[in-house]
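Structure, as structure tokens:
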Amino acid sequence: MKTIYMDHVATNPLHPEVLDAMMPYFREIFGNPQSIYEPGIRAKEAVENARAGTAALINAKPKEIIFTSSGAEANNFAVKGIAYASRNKGTHVIVSKIEHHSVLNPARFLEKSGFAVTYIPVDKYGTVDPDDVKKAITKETILISIIHASPEIGTIQPVEEIGRIAGEKGIVFHVDAVASAGNIPVDVRSMNIDLLTFAAHQFYGPKGAGALYVKEGTRIVPLIYGGIQEGGRRAGTENVPAIVGMGRAAEIAKRDMQKRIEHVRPLRDRLIDSVLKIERVTLTGHPEKRLPGHASFVVEYIEGEAMLLLLAGKGIYSASGSACSSKALKASPVLISIGIPAHLAQGSVVFTLGEGTTGEDIDYFNETFPQVISRLREISPYAKGWEGAEDPTCTVKK
Amino acid sequence: MSPAETRQSQNNQLKFLDSPLQADATTDIIYMMCPMHLLTIEEQVREIKAGQVLSILTDYDGALDDIPAWCRKTGNEFLGIYEDTDHYKFYIRKKKPDDRQDV
């Protein structure tokens with residue numbers, strides 16, 4: 001059976017050149033970068049070389065990069081580390097309502113620890129209005145954290161403008177760029193960003209490698225204390241192969257970015273045009289200001305997980321976009337935030353394309369997806385409409 | 001020495017200053033812990049010229065013992081500590097190349 005991977009926002013395969021770059025560090029160059037003899041020195045050189053490549057992807061200086069184990073760690077580090085470093089200046093934090101849980105949950109943790117958090121709403125496309133951020137700022141505000149692009153609905157936020165507002169007020173600005181960095185241009189200087197989270201596996205690097213950019217001169221409390229790695233800001237023996245992989249993947253992403261965008265965008269547009277011909281299907285997220293390989297929809301009368309299973313049965317691998325809906329059968333907070341009613345949010349499905357996606361793949365998908373929807377609607381109790389649903393605004397079991 | 005005299009002698013070694021000094025270079029390692037203060041000094045002292053003053057900003061209490069001791073060990077001049085609201089400012093003058101190391 002033909003299989004098509006359409007979940008590039010979940011993760012990506014390693015680029016062959018990345019694997020080649022990593023291999024020696026699993027084998028002969030296995031030294032600890034903190035060791036002062038030859039194998040250690042060579043490992044240290046590799047880490048510093050990777051730091052330069054990683055920094056260049058986002059126009060940062062090498063010393064502004066702290067390697068972490070993941071995007072989630074970098075987000076936790078940023079939110080907690082800045083809040084605790086600045087708590088003598090103020091105790092108010094601003095985030096959007098559509099942040100990833102690795103920002104939302106640390107924010108909730110801060111609320112339990114004496115901080116106040118404002119959750120900024122978004123419009124129907126999932127866009128944060130910079131004016132809303134401006135209005136939420138108080139004398140106590142020490143941190144603004146906004147996601148650059150939503151993995152769930154693809155919408156790209158006006159981070160440059162929010163960064164300008166934060167900069168004018170002297171407030172630290174963190175951006176979660178896990179879904180965007182390596183896929184669309186990210187420039188921490190022109191976007192006025194103080195901290196930025198990104199992860200290697202989102203741009204054909206390995207899992208287990210993330211980074212937090214911290215602008216020179218920004219004070220941050222470490223999340224992990226211990227040794228002197230990462231300038232004492234993130235202890236733990238360096239994951240040398242993964243870091244090397246991140247550096248190489250960043251160099252390739254920078255080199256091939258435009259080519260990759262021009263490859264996935266027309267394929268994505270063909271997919272969207274085809275899917276929107278199906279009755280009672282809506283595109284979620286912004287129609288233009290969205291990730292180039294990202295298409296997300298809500299399909300009425302059927303349930304997202306059923307679509308994923310039937311599509312997987314046809315060799316098409318995709319996602320419902322949120323762990324809330326796929327693992328906990330709850331409506332996704334992101335979809336609720338953009339005004340999708342809970343019963344519709346259950347029909348969420350996300351397709352994300354990558355450099356390996358072909359025109360044939362899209363043909364096969366465009367032919368298969370309507371069949372899957374027809375089949376599921378045949379057996380759906382709501383196929384003739386939502387009438388009869390006890391509470392059409394909420395399908396979550398209390 | 002009585003305990004009070006010992007304490008006085010330690011305080012003299014620590015050399016608390018009433019106001020901050022002028023520094024040629026400043027390095028901020030607030031929130032970093034042991035041994036970052038010692039590694040950072042070594043690195044930063046290498047960057048400045050002999051006779052220039054380096055200021056180190058830290059909130060790590062262990063630095064109160066370690067930085068003056070590092071200066072004694074390496075022969076660099078320890079100028080003193082200014083206690084700011086939430087951190088210390090340590091001042092070190094880099095030794096001349098011909099100064100003998102006093103260990």
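Starting from 1 in every chain, residues are counted up; chains themselves are A, B, ... following the order of the structure tokens, and ligands are numbered from 1 as listed.
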Note to self: Considering only alpha helix (DSSP H) as DSSP defines it on the backbone, what residues of chain B qualify? List them as an MDAnalysis selection string.
What the structure shows: chainID B and resid 3:14 36:47 63:74
Within 12 Å of chain B, which residues belong to chain A? Use only C-alpha atoms and report them as a short mmCIF file (atom, residue, chain, number, x, y, z; two decimals) with N, CA, C and O atoms, in the first residue's frame.
```cif
data_model
loop_
_atom_site.label_atom_id
_atom_site.label_comp_id
_atom_site.auth_asym_id
_atom_site.auth_seq_id
_atom_site.Cartn_x
_atom_site.Cartn_y
_atom_site.Cartn_z
N GLY A 81 12.17 30.95 33.79
CA GLY A 81 13.48 31.60 34.00
C GLY A 81 13.40 33.11 33.98
O GLY A 81 14.07 33.78 34.77
N ILE A 82 12.60 33.66 33.06
CA ILE A 82 12.47 35.12 33.01
C ILE A 82 11.59 35.62 34.15
O ILE A 82 11.89 36.64 34.78
N TYR A 84 11.20 34.38 37.14
CA TYR A 84 11.95 34.39 38.40
C TYR A 84 13.10 35.38 38.39
O TYR A 84 13.44 35.95 39.43
N ALA A 85 13.67 35.61 37.22
CA ALA A 85 14.78 36.57 37.15
C ALA A 85 14.28 38.01 37.30
O ALA A 85 15.04 38.89 37.66
N SER A 86 13.00 38.23 37.00
CA SER A 86 12.48 39.60 36.97
C SER A 86 11.47 39.87 38.08
O SER A 86 10.82 40.91 38.07
N ARG A 87 11.31 38.94 39.01
CA ARG A 87 10.20 39.09 39.96
C ARG A 87 10.37 40.28 40.89
O ARG A 87 9.38 40.74 41.48
N ASN A 88 11.59 40.81 41.01
CA ASN A 88 11.73 42.04 41.81
C ASN A 88 11.28 43.29 41.04
O ASN A 88 11.07 44.34 41.62
N LYS A 89 11.10 43.12 39.72
CA LYS A 89 10.61 44.26 38.91
C LYS A 89 9.10 44.22 38.77
O LYS A 89 8.44 45.24 38.58
N GLU A 216 21.75 38.60 24.30
CA GLU A 216 22.89 38.96 25.14
C GLU A 216 22.46 40.01 26.18
O GLU A 216 21.79 40.98 25.84
N GLY A 217 22.83 39.78 27.43
CA GLY A 217 22.51 40.76 28.48
C GLY A 217 21.20 40.49 29.20
O GLY A 217 20.85 41.21 30.13
N THR A 218 20.46 39.45 28.76
CA THR A 218 19.19 39.13 29.42
C THR A 218 19.46 38.15 30.56
O THR A 218 20.08 37.12 30.35
N ARG A 219 18.99 38.50 31.75
CA ARG A 219 19.20 37.60 32.89
C ARG A 219 18.12 36.54 32.93
O ARG A 219 16.94 36.84 32.74
N ILE A 220 18.52 35.29 33.17
CA ILE A 220 17.57 34.19 33.23
C ILE A 220 17.99 33.21 34.33
O ILE A 220 19.17 32.95 34.50
N VAL A 221 17.01 32.73 35.08
CA VAL A 221 17.28 31.74 36.13
C VAL A 221 17.29 30.36 35.48
O VAL A 221 16.35 30.02 34.76
N PRO A 222 18.34 29.57 35.70
CA PRO A 222 18.37 28.23 35.07
C PRO A 222 17.22 27.34 35.51
O PRO A 222 16.70 27.48 36.62
N LEU A 223 16.84 26.45 34.62
CA LEU A 223 15.82 25.44 34.94
C LEU A 223 16.52 24.22 35.51
O LEU A 223 16.00 23.53 36.37
N ILE A 224 17.72 23.94 34.97
CA ILE A 224 18.48 22.76 35.40
C ILE A 224 19.85 23.22 35.92
O ILE A 224 20.67 23.75 35.16
N TYR A 225 20.06 23.06 37.23
CA TYR A 225 21.35 23.41 37.83
C TYR A 225 22.26 22.21 37.83
O TYR A 225 21.80 21.07 37.85
N GLY A 226 23.54 22.47 37.84
CA GLY A 226 24.50 21.36 37.89
C GLY A 226 25.85 21.85 37.45
O GLY A 226 26.45 22.69 38.11
N GLY A 227 26.29 21.37 36.31
CA GLY A 227 27.64 21.68 35.83
C GLY A 227 27.70 22.98 35.04
O GLY A 227 26.80 23.81 35.06
N ILE A 228 28.81 23.12 34.32
CA ILE A 228 29.14 24.38 33.65
C ILE A 228 28.70 24.39 32.19
O ILE A 228 29.02 25.32 31.46
N GLN A 229 27.95 23.35 31.77
CA GLN A 229 27.56 23.29 30.36
C GLN A 229 26.68 24.51 30.01
O GLN A 229 25.94 25.01 30.85
N GLU A 230 26.73 24.91 28.76
CA GLU A 230 25.93 26.03 28.26
C GLU A 230 26.11 27.28 29.14
O GLU A 230 25.16 27.98 29.46
N GLY A 231 27.35 27.52 29.53
CA GLY A 231 27.66 28.71 30.32
C GLY A 231 27.02 28.69 31.69
O GLY A 231 26.75 29.74 32.28
N GLY A 232 26.77 27.50 32.23
CA GLY A 232 26.15 27.38 33.55
C GLY A 232 24.66 27.63 33.53
O GLY A 232 24.00 27.61 34.56
N ARG A 233 24.12 27.85 32.35
CA ARG A 233 22.69 28.18 32.26
C ARG A 233 21.82 26.95 32.03
O ARG A 233 20.62 26.98 32.23
N ARG A 234 22.44 25.83 31.57
CA ARG A 234 21.69 24.60 31.37
C ARG A 234 22.65 23.44 31.56
O ARG A 234 23.41 23.09 30.66
N ALA A 235 22.60 22.86 32.78
CA ALA A 235 23.54 21.79 33.10
C ALA A 235 23.13 20.48 32.43
O ALA A 235 22.00 20.35 31.95
#
```
Check: DSSP says strand (DSSP E or B) for which residues of segment 143-363 of chain A? Put them as a ChimeraX atom specification?
Finding: /A:143-147,149,155-156,172-176,181,184,195-199,210-214,281-283,290,294-299,316-317,319,348-352
Notebook entry, point to check: Neighbours of Gly80 of chain B within 9 Å (only C-alpha atoms; same-chain residues fewer than 2 positions away dropped), as a PyMOL selection string?
Noted result: chain B and resi 13-17+21+68+78+82+89-92
Next item on the list: May I have the residues within 12 Å of Ser322 of chain A as a ChimeraX atom specification, using only C-alpha atoms and disregarding those fewer than 4 positions away in the same chain?
Entry: /A:9-10,98-101,150-153,296,304-305,318,326-336,345-350
Next item on the list: Would you kindly return, as a ChimeraX atom specification, each protein, DNA or RNA residue with an atom no farther than 12 Å from any atom of Glu47 of chain B, considering only C-alpha atoms and excluding same-chain residues fewer than 5 positions away?
Entry: /B:24-27,40-42,52-54,94
Item checked: Shell of 9 Å around segment 275-286 of chain A, only C-alpha atoms, local chain residues under 4 positions omitted, as a list in words ->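 Answer for this query is Lys124, Tyr125, Gly126, Thr127, Ser150, Glu152, Ile153, Gly154, Thr155, Ile156, Arg270, Leu271, Arg290, Ala295, Ser296, Phe297, Val298, Val299, Glu300, Tyr301, Leu335, Ile338, Ile340, Ser348, Asn366, Phe369, Pro370 and Ile373 of chain A.
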Item checked: One-decimal distance in Å that lies between atom CA of Val188 of chain A and atom CA of Ile144 of chain A ->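 These atoms are spaced 14.9 Å apart.
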Next item on the list: Provide the atom CA of Ala211 of chain A to atom CA of Pro24 of chain A distance in Å, to one decimal place.
Entry: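 Atom CA of Ala211 of chain A sits 21.9 Å away from atom CA of Pro24 of chain A.
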Checklist line | Between atom CA of Ser380 of chain A and atom CA of His343 of chain A, distance in Å (one decimal) | finding: 13.2 Å
